[in-house]
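Pasted below: start21.cif, mmCIF, C-alpha atoms.
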```cif
data_my_file
loop_
_atom_site.label_atom_id
_atom_site.label_comp_id
_atom_site.auth_asym_id
_atom_site.auth_seq_id
_atom_site.Cartn_x
_atom_site.Cartn_y
_atom_site.Cartn_z
CA MET A 21 -49.87 -17.94 -44.24
CA SER A 22 -46.89 -16.70 -46.25
CA ALA A 23 -43.43 -18.24 -45.83
CA LEU A 24 -42.26 -15.03 -44.19
CA ASP A 25 -45.14 -14.96 -41.68
CA ASP A 26 -44.49 -18.63 -41.00
CA LEU A 27 -40.81 -18.02 -40.31
CA VAL A 28 -41.60 -15.00 -38.12
CA SER A 29 -44.09 -16.92 -36.00
CA GLN A 30 -41.71 -19.87 -35.58
CA ILE A 31 -38.86 -17.57 -34.54
CA ALA A 32 -41.22 -15.70 -32.19
CA ARG A 33 -41.90 -18.97 -30.36
CA LEU A 34 -38.23 -19.31 -29.32
CA PRO A 35 -37.55 -18.34 -25.71
CA GLY A 36 -36.84 -14.66 -25.08
CA LEU A 37 -38.04 -13.54 -28.50
CA GLY A 38 -41.21 -11.63 -29.30
CA ARG A 39 -42.84 -10.79 -32.61
CA LYS A 40 -40.83 -7.59 -33.12
CA SER A 41 -37.49 -9.36 -32.65
CA ALA A 42 -38.67 -12.20 -34.88
CA VAL A 43 -39.56 -9.78 -37.71
CA ARG A 44 -36.15 -8.17 -37.31
CA ILE A 45 -34.31 -11.50 -37.45
CA ALA A 46 -36.31 -12.76 -40.45
CA HIS A 47 -35.57 -9.58 -42.41
CA TYR A 48 -31.93 -9.76 -41.40
CA LEU A 49 -31.75 -13.28 -42.82
CA LEU A 50 -33.45 -12.19 -46.04
CA LYS A 51 -31.09 -9.25 -46.44
CA SER A 52 -27.98 -11.30 -45.65
CA ASP A 53 -26.21 -13.64 -48.02
CA ARG A 54 -28.27 -16.82 -48.44
CA ARG A 55 -25.44 -18.79 -46.84
CA VAL A 56 -26.31 -17.31 -43.42
CA ALA A 57 -29.78 -18.89 -43.49
CA GLY A 58 -28.34 -21.94 -45.24
CA ASN A 59 -25.73 -22.65 -42.55
CA LEU A 60 -28.26 -22.19 -39.81
CA SER A 61 -30.67 -24.49 -41.64
CA GLU A 62 -28.03 -27.25 -41.90
CA LEU A 63 -27.08 -26.99 -38.24
CA LEU A 64 -30.72 -27.20 -37.20
CA ALA A 65 -31.39 -30.14 -39.52
CA THR A 66 -28.66 -32.27 -37.95
CA LEU A 67 -28.92 -30.90 -34.40
CA HIS A 68 -30.73 -33.82 -32.78
CA ASP A 69 -28.67 -36.40 -34.64
CA ARG A 70 -25.35 -34.93 -33.55
CA ILE A 71 -26.11 -33.80 -30.02
CA HIS A 72 -27.46 -36.02 -27.26
CA PRO A 73 -27.60 -35.87 -23.49
CA CYS A 74 -24.44 -37.38 -21.94
CA SER A 75 -25.37 -40.80 -20.54
CA GLU A 76 -23.45 -39.94 -17.37
CA CYS A 77 -24.08 -36.32 -16.41
CA GLY A 78 -26.99 -35.47 -18.72
CA ARG A 79 -25.57 -32.34 -20.36
CA TYR A 80 -25.69 -32.06 -24.15
CA THR A 81 -22.69 -33.49 -25.95
CA GLU A 82 -21.58 -34.95 -29.27
CA ALA A 83 -19.22 -37.55 -27.72
CA ASP A 84 -20.62 -39.84 -25.03
CA PRO A 85 -19.54 -39.62 -22.24
CA CYS A 86 -19.01 -35.85 -22.52
CA ALA A 87 -15.68 -34.01 -22.30
CA VAL A 88 -16.03 -33.45 -18.55
CA CYS A 89 -17.14 -37.00 -17.66
CA SER A 90 -14.30 -38.53 -19.69
CA ASP A 91 -11.60 -36.12 -18.46
CA SER A 92 -9.36 -38.05 -16.05
CA ALA A 93 -7.92 -34.76 -14.73
CA ARG A 94 -11.25 -33.80 -13.11
CA ASP A 95 -11.81 -34.37 -9.42
CA ARG A 96 -14.05 -37.44 -9.41
CA THR A 97 -14.92 -37.14 -5.73
CA VAL A 98 -17.06 -33.98 -6.01
CA ILE A 99 -20.25 -33.68 -8.03
CA CYS A 100 -22.19 -30.51 -8.74
CA VAL A 101 -25.95 -30.94 -9.21
CA VAL A 102 -27.69 -28.50 -11.55
CA GLU A 103 -31.21 -28.11 -12.93
CA GLN A 104 -30.55 -27.67 -16.64
CA PRO A 105 -27.79 -28.66 -19.10
CA GLN A 106 -26.97 -25.01 -19.81
CA ASP A 107 -26.17 -24.46 -16.11
CA VAL A 108 -23.07 -26.66 -16.62
CA GLU A 109 -21.68 -24.18 -19.18
CA VAL A 110 -22.18 -21.28 -16.76
CA LEU A 111 -20.30 -23.08 -13.98
CA GLU A 112 -17.54 -24.21 -16.38
CA GLN A 113 -17.03 -20.61 -17.50
CA SER A 114 -16.39 -19.57 -13.90
CA GLY A 115 -13.23 -21.71 -14.00
CA GLU A 116 -13.74 -22.39 -10.29
CA PHE A 117 -15.03 -25.96 -10.32
CA HIS A 118 -12.98 -28.99 -11.33
CA GLY A 119 -15.25 -31.86 -10.33
CA LEU A 120 -18.08 -33.63 -12.16
CA TYR A 121 -21.61 -32.46 -12.95
CA HIS A 122 -25.05 -33.98 -12.75
CA VAL A 123 -28.05 -32.52 -14.57
CA LEU A 124 -31.40 -33.15 -12.84
CA GLY A 125 -33.43 -32.03 -15.83
CA GLY A 126 -35.71 -29.79 -13.77
CA VAL A 127 -36.91 -29.30 -10.22
CA LEU A 128 -39.40 -31.05 -7.98
CA SER A 129 -42.86 -29.63 -8.61
CA PRO A 130 -45.74 -31.68 -7.16
CA ILE A 131 -48.27 -29.32 -8.82
CA ASP A 132 -46.88 -30.20 -12.26
CA GLY A 133 -46.59 -33.87 -11.30
CA ILE A 134 -42.79 -33.77 -11.22
CA GLY A 135 -41.42 -35.96 -8.44
CA PRO A 136 -37.96 -37.53 -8.00
CA GLY A 137 -38.92 -40.20 -10.57
CA GLU A 138 -39.31 -37.55 -13.30
CA LEU A 139 -35.84 -36.12 -12.61
CA ARG A 140 -32.43 -37.83 -12.96
CA VAL A 141 -32.32 -38.52 -9.22
CA ALA A 142 -31.83 -42.30 -9.31
CA ALA A 143 -28.91 -41.81 -11.71
CA LEU A 144 -27.41 -39.34 -9.23
CA TYR A 145 -27.52 -41.89 -6.39
CA ARG A 146 -26.02 -44.54 -8.69
CA ARG A 147 -23.15 -42.28 -9.75
CA ILE A 148 -22.46 -41.15 -6.16
CA GLU A 149 -22.12 -44.80 -5.15
CA GLN A 150 -20.12 -45.95 -8.18
CA LEU A 151 -17.70 -43.01 -8.13
CA GLY A 152 -17.34 -42.85 -4.34
CA ILE A 153 -18.36 -39.17 -4.28
CA ARG A 154 -17.51 -37.40 -1.00
CA GLU A 155 -19.15 -33.99 -1.63
CA VAL A 156 -22.29 -32.99 -3.51
CA ILE A 157 -22.64 -29.28 -4.36
CA LEU A 158 -26.31 -28.39 -4.79
CA ALA A 159 -26.35 -25.76 -7.54
CA THR A 160 -30.08 -25.62 -8.25
CA ASN A 161 -31.43 -22.10 -8.71
CA PRO A 162 -32.01 -19.95 -5.60
CA THR A 163 -35.79 -20.10 -6.08
CA VAL A 164 -38.49 -21.76 -3.99
CA GLU A 165 -38.47 -24.80 -6.33
CA GLY A 166 -34.67 -24.93 -6.52
CA ASP A 167 -34.31 -24.67 -2.74
CA THR A 168 -36.97 -27.33 -2.14
CA THR A 169 -35.27 -29.70 -4.57
CA ALA A 170 -31.86 -29.07 -2.97
CA LEU A 171 -33.29 -29.68 0.50
CA TYR A 172 -34.94 -32.92 -0.61
CA LEU A 173 -31.66 -34.20 -2.05
CA VAL A 174 -29.64 -33.13 0.99
CA LYS A 175 -31.95 -35.17 3.24
CA GLN A 176 -31.57 -38.23 1.03
CA LEU A 177 -27.82 -37.84 0.62
CA GLN A 178 -27.04 -37.22 4.27
CA THR A 179 -28.49 -40.66 5.13
CA ARG A 180 -25.88 -41.97 2.65
CA GLY A 181 -23.12 -40.14 4.55
CA VAL A 182 -22.27 -37.70 1.73
CA ASP A 183 -21.13 -34.14 2.53
CA CYS A 184 -23.57 -31.64 0.94
CA SER A 185 -23.11 -27.95 0.17
CA ARG A 186 -25.08 -25.17 -1.52
CA LEU A 187 -23.92 -22.24 -3.68
CA ALA A 188 -23.47 -18.99 -1.70
CA LEU A 189 -26.20 -16.34 -1.94
CA GLY A 190 -25.34 -12.64 -1.91
CA LEU A 191 -24.73 -9.59 -4.02
CA PRO A 192 -23.71 -10.22 -7.64
CA VAL A 193 -20.13 -9.10 -8.37
CA GLY A 194 -20.22 -5.63 -9.94
CA GLY A 195 -23.78 -5.23 -8.70
CA ASP A 196 -25.20 -2.23 -6.94
CA LEU A 197 -26.39 -2.41 -3.33
CA GLU A 198 -28.93 0.29 -4.20
CA TYR A 199 -30.67 -2.00 -6.67
CA ALA A 200 -30.35 -5.29 -4.78
CA ASP A 201 -33.59 -6.81 -3.57
CA ARG A 202 -34.42 -7.18 0.13
CA LEU A 203 -33.95 -10.95 0.25
CA THR A 204 -30.57 -10.86 -1.49
CA VAL A 205 -29.34 -8.16 0.90
CA ALA A 206 -30.55 -10.23 3.86
CA ARG A 207 -28.67 -13.29 2.56
CA SER A 208 -25.54 -11.28 1.87
CA LEU A 209 -25.58 -10.08 5.49
CA ARG A 210 -26.25 -13.51 6.93
CA GLY A 211 -23.49 -15.05 4.79
CA ARG A 212 -20.99 -12.21 5.28
CA THR A 213 -17.32 -13.18 5.32
CA HIS A 214 -15.05 -11.89 8.07
CA TYR A 215 -11.65 -10.36 7.44
CA ASP A 216 -8.75 -12.14 9.04
CA SER A 217 -7.78 -10.20 12.14
CA MET B 12 -15.74 -26.29 -32.39
CA SER B 13 -18.62 -28.53 -31.33
CA ALA B 14 -21.94 -28.51 -33.19
CA LEU B 15 -23.56 -26.88 -30.16
CA ASP B 16 -20.94 -24.11 -29.92
CA ASP B 17 -21.28 -23.61 -33.66
CA LEU B 18 -25.07 -23.24 -33.41
CA VAL B 19 -24.78 -20.91 -30.42
CA SER B 20 -22.32 -18.61 -32.18
CA GLN B 21 -24.44 -18.51 -35.34
CA ILE B 22 -27.57 -17.68 -33.36
CA ALA B 23 -25.64 -15.06 -31.36
CA ARG B 24 -24.83 -13.26 -34.62
CA LEU B 25 -28.52 -12.59 -35.32
CA PRO B 26 -29.64 -9.03 -34.56
CA GLY B 27 -30.75 -8.38 -30.98
CA LEU B 28 -29.34 -11.64 -29.65
CA GLY B 29 -26.30 -12.08 -27.43
CA ARG B 30 -24.46 -15.19 -26.32
CA LYS B 31 -26.71 -15.80 -23.32
CA SER B 32 -29.91 -15.69 -25.39
CA ALA B 33 -28.25 -17.89 -28.02
CA VAL B 34 -27.33 -20.54 -25.43
CA ARG B 35 -30.90 -20.43 -24.15
CA ILE B 36 -32.40 -20.84 -27.63
CA ALA B 37 -30.01 -23.66 -28.59
CA HIS B 38 -30.85 -25.60 -25.42
CA TYR B 39 -34.54 -24.95 -25.95
CA LEU B 40 -34.26 -26.48 -29.42
CA LEU B 41 -32.36 -29.48 -28.06
CA LYS B 42 -34.95 -30.04 -25.34
CA SER B 43 -37.91 -29.61 -27.69
CA ASP B 44 -39.23 -32.20 -30.09
CA ARG B 45 -36.85 -32.50 -33.06
CA ARG B 46 -39.63 -31.24 -35.33
CA VAL B 47 -39.22 -27.71 -33.91
CA ALA B 48 -35.62 -27.49 -35.16
CA GLY B 49 -36.59 -29.47 -38.27
CA ASN B 50 -39.37 -27.06 -39.30
CA LEU B 51 -37.15 -24.06 -38.73
CA SER B 52 -34.38 -25.73 -40.72
CA GLU B 53 -36.70 -26.29 -43.69
CA LEU B 54 -38.02 -22.74 -43.67
CA LEU B 55 -34.47 -21.37 -43.58
CA ALA B 56 -33.30 -23.71 -46.35
CA THR B 57 -35.95 -22.45 -48.79
CA LEU B 58 -36.14 -18.86 -47.53
CA HIS B 59 -34.21 -17.15 -50.32
CA ASP B 60 -35.84 -19.28 -53.01
CA ARG B 61 -39.37 -18.48 -51.89
CA ILE B 62 -39.04 -14.85 -50.83
CA HIS B 63 -37.71 -12.05 -53.02
CA PRO B 64 -37.92 -8.28 -52.98
CA CYS B 65 -41.03 -7.08 -54.84
CA SER B 66 -39.89 -5.70 -58.20
CA GLU B 67 -42.17 -2.69 -57.66
CA CYS B 68 -41.99 -1.57 -54.02
CA GLY B 69 -38.98 -3.58 -52.80
CA ARG B 70 -40.57 -5.26 -49.77
CA TYR B 71 -40.15 -9.01 -49.34
CA THR B 72 -42.82 -11.11 -50.98
CA GLU B 73 -43.48 -14.55 -52.43
CA ALA B 74 -45.68 -13.31 -55.29
CA ASP B 75 -44.29 -10.59 -57.55
CA PRO B 76 -45.63 -7.88 -57.52
CA CYS B 77 -46.52 -8.11 -53.83
CA ALA B 78 -50.02 -8.15 -52.31
CA VAL B 79 -50.07 -4.35 -51.88
CA CYS B 80 -48.69 -3.47 -55.33
CA SER B 81 -51.17 -5.80 -57.06
CA ASP B 82 -54.19 -4.75 -54.97
CA SER B 83 -56.44 -2.63 -57.20
CA ALA B 84 -58.32 -1.33 -54.14
CA ARG B 85 -55.24 0.61 -52.93
CA ASP B 86 -54.96 4.33 -53.60
CA ARG B 87 -52.43 4.42 -56.42
CA THR B 88 -51.90 8.18 -56.19
CA VAL B 89 -50.10 8.19 -52.83
CA ILE B 90 -46.80 6.49 -52.13
CA CYS B 91 -45.13 6.06 -48.76
CA VAL B 92 -41.32 5.93 -48.80
CA VAL B 93 -39.63 3.82 -46.09
CA GLU B 94 -36.07 2.79 -45.30
CA GLN B 95 -36.44 -0.95 -44.79
CA PRO B 96 -38.84 -3.68 -45.96
CA GLN B 97 -39.98 -4.35 -42.38
CA ASP B 98 -41.15 -0.72 -42.05
CA VAL B 99 -43.95 -1.58 -44.51
CA GLU B 100 -45.36 -4.18 -42.09
CA VAL B 101 -45.38 -1.63 -39.25
CA LEU B 102 -47.31 0.91 -41.34
CA GLU B 103 -49.70 -1.77 -42.63
CA GLN B 104 -50.48 -2.80 -39.06
CA SER B 105 -51.55 0.76 -38.24
CA GLY B 106 -54.45 0.29 -40.68
CA GLU B 107 -54.19 4.02 -41.46
CA PHE B 108 -52.56 3.98 -44.88
CA HIS B 109 -54.18 2.70 -48.05
CA GLY B 110 -51.72 3.80 -50.73
CA LEU B 111 -48.57 2.19 -52.12
CA TYR B 112 -45.13 1.75 -50.60
CA HIS B 113 -41.59 2.21 -51.77
CA VAL B 114 -38.60 0.74 -49.93
CA LEU B 115 -35.38 2.73 -50.31
CA GLY B 116 -33.20 -0.03 -48.87
CA GLY B 117 -31.36 2.31 -46.49
CA VAL B 118 -30.53 5.97 -46.03
CA LEU B 119 -28.08 8.38 -47.62
CA SER B 120 -24.75 8.12 -45.85
CA PRO B 121 -21.80 9.74 -47.67
CA ILE B 122 -19.39 8.40 -45.00
CA ASP B 123 -20.38 4.82 -45.88
CA GLY B 124 -20.38 5.62 -49.59
CA ILE B 125 -24.17 5.38 -49.86
CA GLY B 126 -25.55 7.95 -52.28
CA PRO B 127 -28.85 8.02 -54.22
CA GLY B 128 -27.38 5.47 -56.66
CA GLU B 129 -27.03 2.88 -53.89
CA LEU B 130 -30.68 3.29 -52.85
CA ARG B 131 -33.86 2.57 -54.84
CA VAL B 132 -34.22 6.27 -55.70
CA ALA B 133 -34.32 6.01 -59.51
CA ALA B 134 -37.05 3.36 -59.20
CA LEU B 135 -39.01 5.77 -57.00
CA TYR B 136 -38.88 8.52 -59.64
CA ARG B 137 -39.90 6.02 -62.34
CA ARG B 138 -42.88 4.77 -60.31
CA ILE B 139 -44.00 8.32 -59.41
CA GLU B 140 -44.06 9.17 -63.11
CA GLN B 141 -45.65 5.93 -64.33
CA LEU B 142 -48.34 5.86 -61.64
CA GLY B 143 -49.05 9.60 -61.67
CA ILE B 144 -48.42 9.88 -57.93
CA ARG B 145 -49.76 13.11 -56.38
CA GLU B 146 -48.41 12.73 -52.82
CA VAL B 147 -45.23 11.19 -51.43
CA ILE B 148 -45.18 10.51 -47.69
CA LEU B 149 -41.60 10.43 -46.41
CA ALA B 150 -41.61 7.77 -43.67
CA THR B 151 -37.86 7.43 -43.14
CA ASN B 152 -36.84 7.19 -39.47
CA PRO B 153 -36.78 10.42 -37.41
CA THR B 154 -32.97 10.28 -37.16
CA VAL B 155 -30.30 12.56 -38.63
CA GLU B 156 -29.79 10.13 -41.55
CA GLY B 157 -33.52 9.59 -42.07
CA ASP B 158 -34.25 13.33 -41.98
CA THR B 159 -31.39 14.07 -44.40
CA THR B 160 -32.61 11.43 -46.82
CA ALA B 161 -36.20 12.73 -46.60
CA LEU B 162 -35.04 16.29 -47.20
CA TYR B 163 -32.97 15.25 -50.22
CA LEU B 164 -35.96 13.46 -51.75
CA VAL B 165 -38.33 16.36 -51.01
CA LYS B 166 -36.04 18.74 -52.90
CA GLN B 167 -35.90 16.41 -55.90
CA LEU B 168 -39.62 15.67 -55.86
CA GLN B 169 -40.78 19.25 -55.48
CA THR B 170 -39.07 20.13 -58.77
CA ARG B 171 -41.28 17.37 -60.24
CA GLY B 172 -44.37 19.06 -58.77
CA VAL B 173 -45.22 16.26 -56.32
CA ASP B 174 -46.80 17.05 -52.94
CA CYS B 175 -44.50 15.79 -50.16
CA SER B 176 -45.26 15.09 -46.50
CA ARG B 177 -43.45 13.66 -43.47
CA LEU B 178 -44.73 11.51 -40.59
CA ALA B 179 -45.68 13.55 -37.50
CA LEU B 180 -43.23 13.68 -34.59
CA GLY B 181 -44.47 13.76 -31.02
CA LEU B 182 -45.22 11.72 -27.95
CA PRO B 183 -45.84 8.01 -28.51
CA VAL B 184 -49.42 6.98 -27.72
CA GLY B 185 -49.58 5.57 -24.19
CA GLY B 186 -46.20 7.14 -23.49
CA ASP B 187 -45.30 9.16 -20.45
CA LEU B 188 -44.42 12.86 -20.68
CA GLU B 189 -42.12 12.34 -17.70
CA TYR B 190 -39.92 9.94 -19.66
CA ALA B 191 -40.04 11.66 -23.07
CA ASP B 192 -36.77 13.12 -24.30
CA ARG B 193 -36.26 16.86 -24.75
CA LEU B 194 -36.32 16.80 -28.56
CA THR B 195 -39.52 14.75 -28.73
CA VAL B 196 -41.24 17.11 -26.28
CA ALA B 197 -40.09 20.09 -28.37
CA ARG B 198 -41.50 18.51 -31.54
CA SER B 199 -44.76 17.60 -29.82
CA LEU B 200 -45.16 21.27 -28.81
CA ARG B 201 -44.26 22.63 -32.22
CA GLY B 202 -46.66 20.19 -33.92
CA ARG B 203 -49.47 20.55 -31.38
CA THR B 204 -53.00 20.23 -32.70
CA HIS B 205 -55.64 22.80 -31.78
CA TYR B 206 -59.10 21.91 -30.57
CA ASP B 207 -61.93 23.20 -32.68
CA SER B 208 -63.34 26.28 -30.99
#
```
Encoded form using structure tokens:
Amino acid sequence: MSALDDLVSQIARLPGLGRKSAVRIAHYLLKSDRRVAGNLSELLATLHDRIHPCSECGRYTEADPCAVCSDSARDRTVICVVEQPQDVEVLEQSGEFHGLYHVLGGVLSPIDGIGPGELRVAALYRRIEQLGIREVILATNPTVEGDTTALYLVKQLQTRGVDCSRLALGLPVGGDLEYADRLTVARSLRGRTHYDS
Amino acid sequence: MSALDDLVSQIARLPGLGRKSAVRIAHYLLKSDRRVAGNLSELLATLHDRIHPCSECGRYTEADPCAVCSDSARDRTVICVVEQPQDVEVLEQSGEFHGLYHVLGGVLSPIDGIGPGELRVAALYRRIEQLGIREVILATNPTVEGDTTALYLVKQLQTRGVDCSRLALGLPVGGDLEYADRLTVARSLRGRTHYDS
């Protein structure tokens, strides 16, 4: 296999990319100044040495604990539970949440042999106790697996006397009712907000 | 800027990728075995040292001349002119062409200051003469710029007594007439093929 084919097939293995996009990217890199590929190469070479999961929340960070976990201005009584590290960035960008995060590292999936022991569930209980958390926001994805995982945690947490909540389901802002799926419309009706009278 | 933000913004600059895809790819690399990022890093580090444009046709290759240019089984009387190196791979995959290629490296674009001198046009004339080419297939893209560039070359080549042709325009195989654009339908009608009677 040529170096170019090798590069193309390695790029094509990245999530969301197919062979056509990989060919395009490889040729872009060849056409660009060699520093473009060089910079990327250096970043990739040192990636795993510089970035680790935060020992507290589990998101990727260079400093440990991460910027959120070590920020004394954050509300340390609320914790938001997410599936993946990248979900933290999405919630941070909303600017709406000022508490702490906890990355589970996946969802419960008995078929794949993933139980609570395979996720960062014990660490969640430990942090809730140590920090004296009063509310846990379940922000797993609104899928069957995400819902099941949230429900499992809610049951466990309620026995510990912690208030639990779940992200609202409904129409996406800027979305189009015409193109919304049946289940989303149903949830947006059920969760409708009333105007103050 | 953190190493992760840096990686995300460099990935997001690649063609066809936005910030969301870049975040996804960066987290995929972090979650994967470090060898995935490591292999990619090595390939990128040596990319420009191992792969160069072929001195004959201009496509990217490790050996010079490339596998096509040095293949004595190819028909050395027909040359197919394309805009970009990656166009060669697309034509090769069709399995329909057995001649040589010539990469122009772009299209004529007076607004951007790209004239024949900025493209590999002189090299094309030299190769046509040296090889004794009898047919030139213009395989530039069916766009205004691609058509203009093809037309310019046809005019120059016809004075040299070379037979010129252009890729057929029409419906894509497996496509849907319902979704074809007006201009493509018009070209598919104009270029219709008759059944033998």
* To do: Might you pull out every residue within 9 Å of Ala161 of chain B, with all atoms listed in the file counted and same-chain residues fewer than 3 positions away left off, and present them as a VMD selection string?
  => chain B and resid 92 118 149 to 151 156 to 158 164 to 166 177
* Provide the atom CA of Ala191 of chain B to atom CA of Leu115 of chain B distance in Å, to one decimal place. => 29.0 Å
Quick one: contact table of chain A to chain B, 9 Å max, nearest atom pair and distance in Å to one decimal per residue, counting only C-alpha atoms, chain and number order, as CSV?
```
residue,atom,partner,partner_atom,distance
A:Ser22,CA,B:Glu73,CA,7.4
A:Ala23,CA,B:Arg61,CA,7.3
A:Leu24,CA,B:Ile62,CA,7.4
A:Asp26,CA,B:Leu54,CA,8.1
A:Leu27,CA,B:Leu54,CA,6.4
A:Gln30,CA,B:Leu51,CA,6.9
A:Ile31,CA,B:Leu51,CA,7.9
A:Leu34,CA,B:Ile36,CA,6.3
A:Pro35,CA,B:Ile36,CA,6.0
A:Gly36,CA,B:Ser32,CA,7.0
A:Leu37,CA,B:Ser32,CA,9.0
A:Ser41,CA,B:Gly27,CA,7.0
A:Val43,CA,B:Gln97,CA,7.2
A:Arg44,CA,B:Pro26,CA,7.1
A:Ile45,CA,B:Pro26,CA,6.0
A:His47,CA,B:Gln97,CA,6.8
A:Tyr48,CA,B:Pro26,CA,7.3
A:Leu49,CA,B:Leu25,CA,8.2
A:Leu50,CA,B:His59,CA,6.6
A:Arg54,CA,B:His59,CA,6.2
A:Val56,CA,B:Gln21,CA,8.4
A:Ala57,CA,B:Leu55,CA,5.3
A:Gly58,CA,B:Ala56,CA,5.4
A:Asn59,CA,B:Gln21,CA,8.4
A:Leu60,CA,B:Gln21,CA,6.9
A:Ser61,CA,B:Ser52,CA,4.0
A:Glu62,CA,B:Ser52,CA,6.6
A:Leu63,CA,B:Leu18,CA,6.4
A:Leu64,CA,B:Ser52,CA,5.3
A:Ala65,CA,B:Gly49,CA,5.4
A:Thr66,CA,B:Gly49,CA,8.4
A:Leu67,CA,B:Leu41,CA,7.4
A:His68,CA,B:Arg45,CA,6.3
A:Arg70,CA,B:Ala14,CA,7.3
A:Ile71,CA,B:Leu15,CA,7.4
A:His72,CA,B:Leu41,CA,8.2
A:Tyr80,CA,B:Leu41,CA,8.2
A:Thr81,CA,B:Leu15,CA,7.9
A:Glu82,CA,B:Ser13,CA,7.4
A:Pro105,CA,B:His38,CA,7.7
A:Gln106,CA,B:His38,CA,6.8
```
* Asked: Got a sec to resolve the PyMOL selection byres ((chain A and resi 144) around 9) on this structure and send the residues as a list in words?
  -> Cys77, Val101, His122, Val123, Leu124, Arg140, Val141, Ala142, Ala143, Tyr145, Arg146, Arg147, Ile148 and Glu149 of chain A
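Atom CA of Tyr215 of chain A sits 26.4 Å away from atom CA of Leu111 of chain A.
Between atom CA of Leu177 of chain A and atom CA of Leu191 of chain A lies a distance of 28.8 Å.
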* **Contacts of Cys80 of chain B within 8 Å, only C-alpha atoms, excl. fewer than 4 positions in-chain, as a VMD selection string** => chain B and resid 67 to 68 76 111 to 112
* To do: Determine, counting all atoms listed in the file, which protein, DNA and RNA residues have an atom within 10 Å of an atom of Arg198 of chain B; residues of the same chain fewer than 6 positions away are not included. Present the result as a list in words.
  => Ala179, Leu180, Gly181 and Leu182 of chain B
* Asked: Contacts of segment 116-119 of chain A at 12 Å or less, counting all atoms listed in the file, minus same-chain residues fewer than 4 places along, as a list in words?
  -> Cys77, Val88, Cys89, Ser90, Asp91, Ser92, Ala93, Arg94, Asp95, Arg96, Thr97, Val98, Ile99, Cys100, Val101, Val108, Glu109, Val110, Leu111, Glu112, Leu151, Ile153, Arg154, Glu155, Val156, Ile157, Ala159 and Leu187 of chain A
Just the residues within 8 Å of Thr159 of chain B, please, counting all atoms listed in the file, with nothing from its chain fewer than 4 positions along; format it as a CSV table (one decimal) with C-alpha atoms, keeping the file's coordinate frame.
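Listing of part.csv after writing:
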```csv
chain,number,residue,atom,x,y,z
B,119,LEU,CA,-28.1,8.4,-47.6
B,155,VAL,CA,-30.3,12.6,-38.6
B,163,TYR,CA,-33.0,15.2,-50.2
```
